[in-house]
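Engineer: Compact mmCIF, C-alpha atoms and all ligand atoms, file query18.txt:
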# COMPACT_ATOMS: atom_id res chain seq x y z
CA MET I 1 0.00 0.00 0.00
CA THR I 2 1.45 3.37 -1.02
CA VAL I 3 0.36 6.44 0.91
CA THR I 4 0.51 9.90 -0.67
CA ALA I 5 0.21 13.05 1.44
CA PHE I 6 0.37 16.68 0.37
CA ALA I 7 0.86 19.75 2.58
CA PRO I 8 0.92 23.35 1.34
CA GLY I 9 3.27 26.15 2.36
CA ARG I 10 1.83 29.42 3.57
CA VAL I 11 2.24 33.14 3.28
CA ASN I 12 1.21 35.36 6.16
CA LEU I 13 -0.80 38.40 5.05
CA MET I 14 -1.09 40.07 8.46
CA GLY I 15 -0.22 39.46 12.11
CA ASP I 16 3.42 38.55 12.60
CA HIS I 17 5.01 37.78 15.96
CA THR I 18 1.57 37.60 17.55
CA ASP I 19 0.79 33.85 17.48
CA TYR I 20 2.99 32.93 20.45
CA THR I 21 1.30 35.59 22.59
CA GLY I 22 -2.19 34.21 21.97
CA GLY I 23 -2.82 36.90 19.35
CA LEU I 24 -4.38 37.09 15.90
CA VAL I 25 -2.86 36.08 12.57
CA LEU I 26 -4.12 36.02 8.97
CA PRO I 27 -2.11 33.61 6.82
CA MET I 28 -3.21 31.67 3.77
CA ALA I 29 -2.15 28.25 2.56
CA ILE I 30 -0.71 28.46 -0.96
CA GLU I 31 -0.64 26.25 -4.04
CA LEU I 32 3.05 25.44 -3.60
CA GLY I 33 3.70 22.56 -1.26
CA THR I 34 5.30 19.26 -0.43
CA THR I 35 4.21 15.76 -1.41
CA VAL I 36 5.37 12.62 0.39
CA THR I 37 4.81 9.18 -1.11
CA PHE I 38 5.38 6.41 1.41
CA GLU I 39 5.41 2.64 1.59
CA PRO I 40 5.00 1.53 5.25
CA GLY I 41 7.27 -1.17 6.74
CA GLY I 42 10.41 -1.64 8.84
CA ASP I 43 11.70 0.34 11.82
CA THR I 44 13.14 3.41 10.14
CA VAL I 45 11.50 6.23 8.21
CA THR I 46 13.69 6.59 5.12
CA LEU I 47 12.92 9.44 2.75
CA ALA I 48 14.75 10.62 -0.35
CA SER I 49 14.17 14.21 -1.44
CA THR I 50 14.38 15.77 -4.87
CA VAL I 51 15.94 18.91 -3.35
CA GLU I 52 18.45 17.27 -0.99
CA THR I 53 21.48 15.16 -1.80
CA GLU I 54 21.37 12.87 1.23
CA PRO I 55 18.29 10.93 2.35
CA ALA I 56 16.70 11.17 5.79
CA VAL I 57 17.04 7.89 7.69
CA VAL I 58 15.27 8.13 11.04
CA ARG I 59 14.69 5.32 13.53
CA ILE I 60 11.10 5.20 14.78
CA ASP I 61 12.43 5.40 18.36
CA VAL I 62 14.57 8.51 17.59
CA ALA I 63 15.34 10.42 20.80
CA ASP I 64 17.07 13.70 19.87
CA PRO I 65 15.72 15.15 16.60
CA ALA I 66 17.93 18.27 16.76
CA GLY I 67 21.08 16.12 16.58
CA VAL I 68 20.09 14.21 13.42
CA LEU I 69 22.00 14.62 10.12
CA PRO I 70 21.61 15.70 7.35
CA SER I 71 19.95 18.78 8.82
CA TRP I 72 16.72 18.49 6.78
CA ALA I 73 16.20 15.05 8.37
CA ARG I 74 15.72 16.82 11.74
CA TYR I 75 12.22 17.84 10.66
CA VAL I 76 11.41 14.25 9.73
CA ALA I 77 12.88 13.12 13.07
CA GLY I 78 10.86 15.76 14.92
CA VAL I 79 7.65 14.42 13.41
CA VAL I 80 8.60 10.79 14.07
CA SER I 81 9.43 11.58 17.70
CA VAL I 82 6.05 13.27 18.23
CA VAL I 83 3.79 10.99 16.16
CA ARG I 84 5.64 7.80 17.18
CA PRO I 85 4.40 5.58 14.33
CA ALA I 86 4.43 1.84 15.15
CA VAL I 87 6.15 1.08 11.83
CA GLY I 88 8.50 3.03 9.61
CA GLY I 89 8.57 3.04 5.85
CA THR I 90 10.33 4.19 2.72
CA GLY I 91 9.39 7.02 0.46
CA ARG I 92 10.11 10.17 -1.41
CA VAL I 93 9.68 13.90 -0.85
CA VAL I 94 8.89 16.20 -3.77
CA THR I 95 8.37 19.90 -3.20
CA THR I 96 7.36 22.90 -5.29
CA LEU I 97 8.24 25.27 -2.44
CA PRO I 98 11.46 27.29 -2.41
CA VAL I 99 13.34 25.94 0.63
CA GLY I 100 14.24 28.45 3.32
CA ALA I 101 12.63 31.46 1.61
CA GLY I 102 10.01 32.06 4.31
CA LEU I 103 7.07 30.20 2.75
CA SER I 104 7.10 27.56 5.50
CA SER I 105 8.81 24.75 3.63
CA SER I 106 9.63 23.12 6.98
CA ALA I 107 6.01 23.24 8.18
CA ALA I 108 4.86 21.72 4.87
CA LEU I 109 7.44 18.95 5.22
CA GLU I 110 6.38 18.21 8.79
CA VAL I 111 2.67 18.15 8.01
CA ALA I 112 3.11 15.96 4.92
CA VAL I 113 5.38 13.53 6.78
CA ALA I 114 2.97 13.36 9.74
CA LEU I 115 0.08 12.41 7.43
CA ALA I 116 2.25 9.95 5.49
CA VAL I 117 3.36 8.07 8.62
CA GLY I 118 -0.26 7.76 9.74
CA PHE I 119 -1.13 10.74 11.95
CA ALA I 120 -4.89 10.80 12.51
CA GLY I 121 -6.65 13.75 14.14
CA THR I 122 -8.12 17.19 13.54
CA ALA I 123 -6.30 19.97 11.69
CA LEU I 124 -5.55 21.61 15.03
CA GLU I 125 -4.15 18.39 16.50
CA LEU I 126 -2.04 17.89 13.38
CA ALA I 127 -0.75 21.46 13.63
CA ARG I 128 0.06 21.09 17.33
CA ALA I 129 2.00 17.88 16.71
CA CYS I 130 3.97 19.50 13.89
CA GLN I 131 4.62 22.69 15.88
CA ARG I 132 6.17 20.49 18.57
CA ALA I 133 8.14 18.64 15.89
CA GLU I 134 9.49 21.94 14.55
CA GLN I 135 10.49 23.08 18.05
CA LEU I 136 12.30 19.79 18.71
CA ALA I 137 14.01 19.83 15.31
CA SER I 138 15.10 23.46 15.20
CA ARG I 139 15.20 24.32 18.92
CA VAL I 140 13.34 27.51 17.96
CA PRO I 141 10.25 28.10 20.15
CA CYS I 142 7.97 28.79 17.17
CA GLY I 143 4.25 29.46 17.39
CA ILE I 144 1.49 27.47 15.68
CA MET I 145 0.70 29.69 12.70
CA ASP I 146 2.70 27.96 9.97
CA GLN I 147 1.63 24.42 10.77
CA LEU I 148 -2.01 25.41 11.32
CA ALA I 149 -2.16 27.36 8.06
CA SER I 150 -0.81 24.32 6.23
CA ALA I 151 -3.19 21.91 8.00
CA ALA I 152 -6.35 24.05 7.83
CA GLY I 153 -5.96 25.91 4.50
CA ARG I 154 -9.06 26.78 2.48
CA ASP I 155 -9.46 27.29 -1.23
CA GLY I 156 -9.92 31.01 -1.98
CA GLU I 157 -9.79 32.09 1.66
CA ALA I 158 -7.20 33.47 4.01
CA LEU I 159 -7.46 32.19 7.58
CA LEU I 160 -8.16 34.52 10.48
CA ILE I 161 -6.75 32.50 13.37
CA ASP I 162 -7.30 33.37 17.00
CA CYS I 163 -4.28 31.87 18.77
CA THR I 164 -6.05 31.93 22.15
CA SER I 165 -9.18 29.96 21.16
CA PHE I 166 -7.67 28.45 17.97
CA GLU I 167 -10.84 29.35 16.13
CA VAL I 168 -10.23 29.61 12.37
CA THR I 169 -12.44 31.92 10.30
CA GLY I 170 -12.19 32.01 6.50
CA VAL I 171 -11.81 35.45 4.90
CA ALA I 172 -12.36 35.49 1.13
CA LEU I 173 -9.77 37.34 -0.91
CA PRO I 174 -11.33 40.03 -3.09
CA GLU I 175 -11.34 39.41 -6.83
CA ASN I 176 -9.73 42.77 -7.57
CA ALA I 177 -6.56 41.79 -5.68
CA GLU I 178 -3.67 39.36 -6.04
CA VAL I 179 -1.05 38.27 -3.54
CA LEU I 180 2.53 38.73 -4.73
CA VAL I 181 5.45 37.32 -2.75
CA VAL I 182 8.94 38.60 -3.52
CA ASP I 183 12.15 37.10 -2.16
CA SER I 184 14.47 39.77 -0.78
CA GLY I 185 17.35 37.47 -1.75
CA GLN I 186 18.71 37.78 1.77
CA ALA I 187 18.93 34.41 3.47
CA ARG I 188 17.43 34.51 6.93
CA ALA I 189 20.17 35.01 9.50
CA LEU I 190 20.25 34.75 13.30
CA SER I 191 16.53 34.12 13.25
CA GLY I 192 16.61 31.35 15.87
CA SER I 193 18.21 33.23 18.74
CA ALA I 194 16.55 36.57 17.93
CA TYR I 195 13.16 34.85 17.64
CA ALA I 196 13.59 33.28 21.08
CA ALA I 197 14.70 36.65 22.49
CA ARG I 198 11.53 38.33 21.18
CA ARG I 199 9.42 35.60 22.69
CA ASP I 200 11.14 36.11 26.05
CA GLU I 201 10.55 39.87 25.85
CA CYS I 202 6.85 39.33 25.21
CA ARG I 203 6.69 36.99 28.18
CA ALA I 204 8.44 39.59 30.35
CA ALA I 205 5.98 42.27 29.22
CA ALA I 206 3.02 39.94 29.90
CA ASP I 207 4.38 39.25 33.40
CA LEU I 208 4.01 42.99 34.05
CA VAL I 209 0.73 43.88 32.30
CA GLY I 210 -1.04 40.54 31.86
CA PRO I 211 -1.70 38.68 28.59
CA LEU I 212 -0.81 40.92 25.65
CA ARG I 213 -3.96 39.82 23.86
CA GLN I 214 -6.01 41.71 26.45
CA ALA I 215 -3.57 44.57 27.03
CA THR I 216 -4.54 48.13 26.04
CA LEU I 217 -2.26 50.86 24.70
CA ALA I 218 -2.48 52.47 28.14
CA ASP I 219 -1.10 49.24 29.68
CA VAL I 220 1.69 49.29 27.11
CA ASP I 221 2.54 52.95 27.83
CA ALA I 222 2.86 52.09 31.51
CA LEU I 223 5.76 49.70 30.85
CA ALA I 224 8.91 51.37 32.16
CA ASP I 225 11.41 49.44 30.05
CA PRO I 226 11.54 51.04 26.57
CA VAL I 227 12.38 47.76 24.79
CA LEU I 228 9.51 45.83 26.39
CA ARG I 229 7.24 48.81 25.67
CA ARG I 230 8.09 48.73 21.97
CA ARG I 231 7.66 44.95 21.71
CA ALA I 232 4.28 45.05 23.45
CA HIS I 233 3.25 48.06 21.36
CA HIS I 234 3.87 46.03 18.22
CA VAL I 235 1.84 43.06 19.46
CA VAL I 236 -1.15 45.12 20.65
CA THR I 237 -1.31 47.23 17.47
CA GLU I 238 -0.67 44.23 15.20
CA ASN I 239 -3.68 42.40 16.68
CA GLU I 240 -5.80 45.46 15.85
CA ARG I 241 -4.37 45.51 12.34
CA VAL I 242 -5.35 41.88 11.75
CA LEU I 243 -9.01 42.69 12.46
CA ALA I 244 -8.90 45.90 10.40
CA PHE I 245 -7.18 44.09 7.53
CA ALA I 246 -9.79 41.30 7.55
CA ASP I 247 -12.53 43.96 7.40
CA ALA I 248 -10.77 45.68 4.48
CA LEU I 249 -10.56 42.38 2.59
CA ARG I 250 -14.24 41.67 3.21
CA ALA I 251 -15.09 45.16 1.89
CA ALA I 252 -12.74 44.60 -1.10
CA ASP I 253 -11.03 47.86 -0.04
CA ILE I 254 -7.54 47.02 -1.19
CA GLY I 255 -6.31 50.59 -0.73
CA GLU I 256 -7.07 50.35 2.98
CA ALA I 257 -5.68 46.81 3.19
CA GLY I 258 -2.44 48.08 1.63
CA ARG I 259 -2.13 50.96 4.09
CA ILE I 260 -2.51 48.52 6.97
CA MET I 261 0.24 46.33 5.47
CA LEU I 262 2.64 49.29 5.36
CA ALA I 263 1.79 50.16 8.98
CA SER I 264 2.48 46.54 9.95
CA HIS I 265 5.86 46.63 8.24
CA ALA I 266 6.77 49.87 10.04
CA SER I 267 5.81 48.28 13.37
CA LEU I 268 7.84 45.13 12.67
CA ARG I 269 10.78 47.34 11.68
CA ASP I 270 10.68 49.99 14.42
CA ASP I 271 8.94 48.41 17.42
CA TYR I 272 9.75 44.74 16.95
CA GLU I 273 13.10 45.18 15.15
CA VAL I 274 12.89 42.08 12.96
CA SER I 275 13.35 43.79 9.59
CA THR I 276 16.57 44.27 7.61
CA PRO I 277 17.73 46.95 5.14
CA ALA I 278 17.06 44.51 2.26
CA LEU I 279 13.45 43.96 3.39
CA ASP I 280 12.90 47.70 3.99
CA GLU I 281 14.26 48.54 0.57
CA LEU I 282 12.04 45.98 -1.13
CA VAL I 283 8.92 47.17 0.70
CA ALA I 284 9.74 50.78 -0.29
CA LEU I 285 10.28 49.76 -3.92
CA LEU I 286 6.96 47.91 -4.03
CA ALA I 287 5.08 50.70 -2.22
CA ARG I 288 6.13 53.14 -4.96
CA HIS I 289 5.10 50.80 -7.77
CA ARG I 290 1.90 51.41 -9.72
CA GLY I 291 -0.72 48.82 -8.88
CA VAL I 292 0.74 47.86 -5.48
CA ALA I 293 -1.63 48.61 -2.59
CA GLY I 294 0.87 47.77 0.15
CA ALA I 295 3.65 45.43 1.23
CA ARG I 296 5.25 44.09 4.38
CA LEU I 297 7.78 41.53 5.51
CA THR I 298 6.10 38.18 6.11
CA GLY I 299 6.88 35.53 8.70
CA ALA I 300 9.68 35.77 11.21
CA GLY I 301 11.69 38.48 9.41
CA PHE I 302 15.50 38.83 9.51
CA GLY I 303 15.50 38.29 5.73
CA GLY I 304 13.30 36.11 3.54
CA CYS I 305 10.24 37.35 1.70
CA VAL I 306 7.98 40.36 1.40
CA VAL I 307 4.27 39.98 0.66
CA ALA I 308 2.40 42.59 -1.39
CA LEU I 309 -1.23 43.10 -2.25
CA VAL I 310 -1.52 44.13 -5.87
CA GLU I 311 -4.30 45.10 -8.24
CA ALA I 312 -5.31 42.04 -10.22
CA GLY I 313 -3.60 41.79 -13.57
CA VAL I 314 -1.11 44.65 -13.13
CA PRO I 315 2.47 43.58 -13.97
CA ILE I 316 4.97 44.38 -11.21
CA ASP I 317 8.68 44.90 -11.90
CA VAL I 318 10.49 43.22 -9.00
CA GLN I 319 13.92 43.91 -10.53
CA ARG I 320 15.17 40.38 -11.11
CA ARG I 321 14.15 39.05 -7.71
CA ARG I 322 12.34 35.72 -7.42
CA SER I 323 8.60 36.25 -7.08
CA TRP I 324 5.37 34.29 -7.02
CA ARG I 325 1.70 35.21 -7.54
CA LEU I 326 -0.05 32.98 -5.05
CA HIS I 327 -3.61 31.90 -4.36
CA ALA I 328 -5.29 30.82 -1.16
CA SER I 329 -5.44 27.04 -1.33
CA ALA I 330 -6.85 24.01 0.43
CA GLY I 331 -5.01 22.52 3.39
CA ALA I 332 -3.02 19.33 3.85
CA ARG I 333 -4.52 16.01 2.83
CA ARG I 334 -3.81 12.34 2.31
CA ILE I 335 -4.41 11.86 -1.36
CA GLU I 336 -4.50 8.05 -1.39
CA GLY I 337 -3.63 5.10 0.77
C1 LIG Y 401 7.68 31.96 12.26
C2 LIG Y 401 7.02 31.05 13.28
C3 LIG Y 401 5.54 31.40 13.44
C4 LIG Y 401 5.34 32.90 13.70
C5 LIG Y 401 6.13 33.72 12.68
C6 LIG Y 401 6.09 35.19 12.97
O1 LIG Y 401 7.15 31.73 10.97
O2 LIG Y 401 7.14 29.70 12.91
O3 LIG Y 401 4.97 30.65 14.50
O4 LIG Y 401 5.68 33.25 15.02
O5 LIG Y 401 7.49 33.33 12.61
O6 LIG Y 401 4.79 35.67 12.85
Output the structure of this file as structure tokens.
Ligand code: GLA
Structural biologist:
Amino acid sequence: MTVTAFAPGRVNLMGDHTDYTGGLVLPMAIELGTTVTFEPGGDTVTLASTVETEPAVVRIDVADPAGVLPSWARYVAGVVSVVRPAVGGTGRVVTTLPVGAGLSSSAALEVAVALAVGFAGTALELARACQRAEQLASRVPCGIMDQLASAAGRDGEALLIDCTSFEVTGVALPENAEVLVVDSGQARALSGSAYAARRDECRAAADLVGPLRQATLADVDALADPVLRRRAHHVVTENERVLAFADALRAADIGEAGRIMLASHASLRDDYEVSTPALDELVALLARHRGVAGARLTGAGFGGCVVALVEAGVPIDVQRRRSWRLHASAGARRIEG
């Protein structure tokens, strides 16, 4: 019996560095993704990949995913250590996602592997298992957004996710708009340690003013430490922007949606300090371009991609950078087997 599982990548339209504080995010699953074909049997999970030279060979009783080599096999090991399948198997990984560009290639790999080795459960349970796998593999204390977007994607709809209740609400993308993702060309650097530092700062702020999800701007202003104040200011205003952005999409007001994207980028740059000169330059270039409503860094930052909302059909000159026009797509699924 051959099992085939597919999991999409994601692009986040609004709400970055909010998921791990119980905040709001608005990602969408995309048509690019990762397919795993798998033949169960034996006591290792052995996967070849079309984009890697060495295969992943992971024992089903693997103990320390972060120590596994080659490094891409850590994500497979993370999943195996969380899902704990009773039998292994042999298979193949094929992906249409650019690896390491910020479109959640690792989340797509985890979700597809989890389904291939037999994970059964809801989209939220699948996402939780794969979030844990990612944390074990990378030692980065990531939130749930990427894995949940991949698991719960919907055709034609972005996903408004409340990371306190884990309620997912579909938000249709207006027909007059397209989502353009442009690679800054800057590989993400230092993201692991800086990501963990931001998470710690949010925790420290929440220890003083209570959960950031409920905090007001007055609570934020009362924080004495200027760094914690800026971090909390980003989170509180970003949550508001997610709701305002969802409203703008529903009203097909792409001018307003674009303005909110630029405000989000400024907040990620100035208050949260996760942007880079390459990302800032690319956002500025896009913001000046005819037909672009707005743009912002997407995902963790520190390099990677920018997402822009553009008027449907208008060509955008991204000056030789890699770019993709992406559509909101269905979530992960076992295709057969
Ligand atoms: C990474 C993490 C997500 C989220 C984003 C920032 O993609 O995996 O959980 O925190 O960064 O929004």
Engineer: Give the residue list for ligand LIG 401 (chain Y) at 10 Å, counting only C-alpha atoms and all ligand atoms, as a PyMOL selection string, sorted by chain and then by residue number.
Structural biologist: chain I and resi 10-21+24-27+102-104+106-107+131+134-135+140-148+191-192+195-196+198-199+268+274+297-301
Engineer: Nearest residue to Glu178 (chain I) out of I:Leu124, I:Leu326, I:Ala206, I:Ala246, using all atoms listed in the file?
Structural biologist: I:Leu326
Engineer: Identify, on the basis of only C-alpha atoms, every residue whose closest approach to Asp155 (chain I) does not exceed 7 Å; exclude the query and any residue fewer than 4 positions from it along the same chain; express the result as a PDB file with C-alpha atoms, in the coordinates of the input.
Structural biologist:
ATOM      1  CA  ALA I 328      -5.290  30.820  -1.160  1.00  0.00           C
ATOM      2  CA  SER I 329      -5.440  27.040  -1.330  1.00  0.00           C
ATOM      3  CA  ALA I 330      -6.850  24.010   0.430  1.00  0.00           C
TER       4      ALA I 330
END
Engineer: Please, what distance in Å, to one decimal, runs between CA of Arg321 (chain I) and CA of Gly303 (chain I)?
Structural biologist: 13.5 Å
Engineer: Leaving out Ala204 (chain I) and any residue of its chain fewer than 4 positions from it, which residues lie within 12 Å of it when counting all atoms listed in the file, given as a PDB file with C-alpha atoms, keeping the file's coordinate frame?
Structural biologist:
ATOM      1  CA  THR I  21       1.300  35.590  22.590  1.00  0.00           C
ATOM      2  CA  ALA I 197      14.700  36.650  22.490  1.00  0.00           C
ATOM      3  CA  ARG I 198      11.530  38.330  21.180  1.00  0.00           C
ATOM      4  CA  ARG I 199       9.420  35.600  22.690  1.00  0.00           C
ATOM      5  CA  ASP I 200      11.140  36.110  26.050  1.00  0.00           C
ATOM      6  CA  LEU I 208       4.010  42.990  34.050  1.00  0.00           C
ATOM      7  CA  VAL I 209       0.730  43.880  32.300  1.00  0.00           C
ATOM      8  CA  GLY I 210      -1.040  40.540  31.860  1.00  0.00           C
ATOM      9  CA  PRO I 211      -1.700  38.680  28.590  1.00  0.00           C
ATOM     10  CA  LEU I 212      -0.810  40.920  25.650  1.00  0.00           C
ATOM     11  CA  LEU I 223       5.760  49.700  30.850  1.00  0.00           C
ATOM     12  CA  ALA I 224       8.910  51.370  32.160  1.00  0.00           C
ATOM     13  CA  ASP I 225      11.410  49.440  30.050  1.00  0.00           C
ATOM     14  CA  VAL I 227      12.380  47.760  24.790  1.00  0.00           C
ATOM     15  CA  LEU I 228       9.510  45.830  26.390  1.00  0.00           C
ATOM     16  CA  ARG I 229       7.240  48.810  25.670  1.00  0.00           C
ATOM     17  CA  ARG I 231       7.660  44.950  21.710  1.00  0.00           C
ATOM     18  CA  ALA I 232       4.280  45.050  23.450  1.00  0.00           C
TER      19      ALA I 232
END
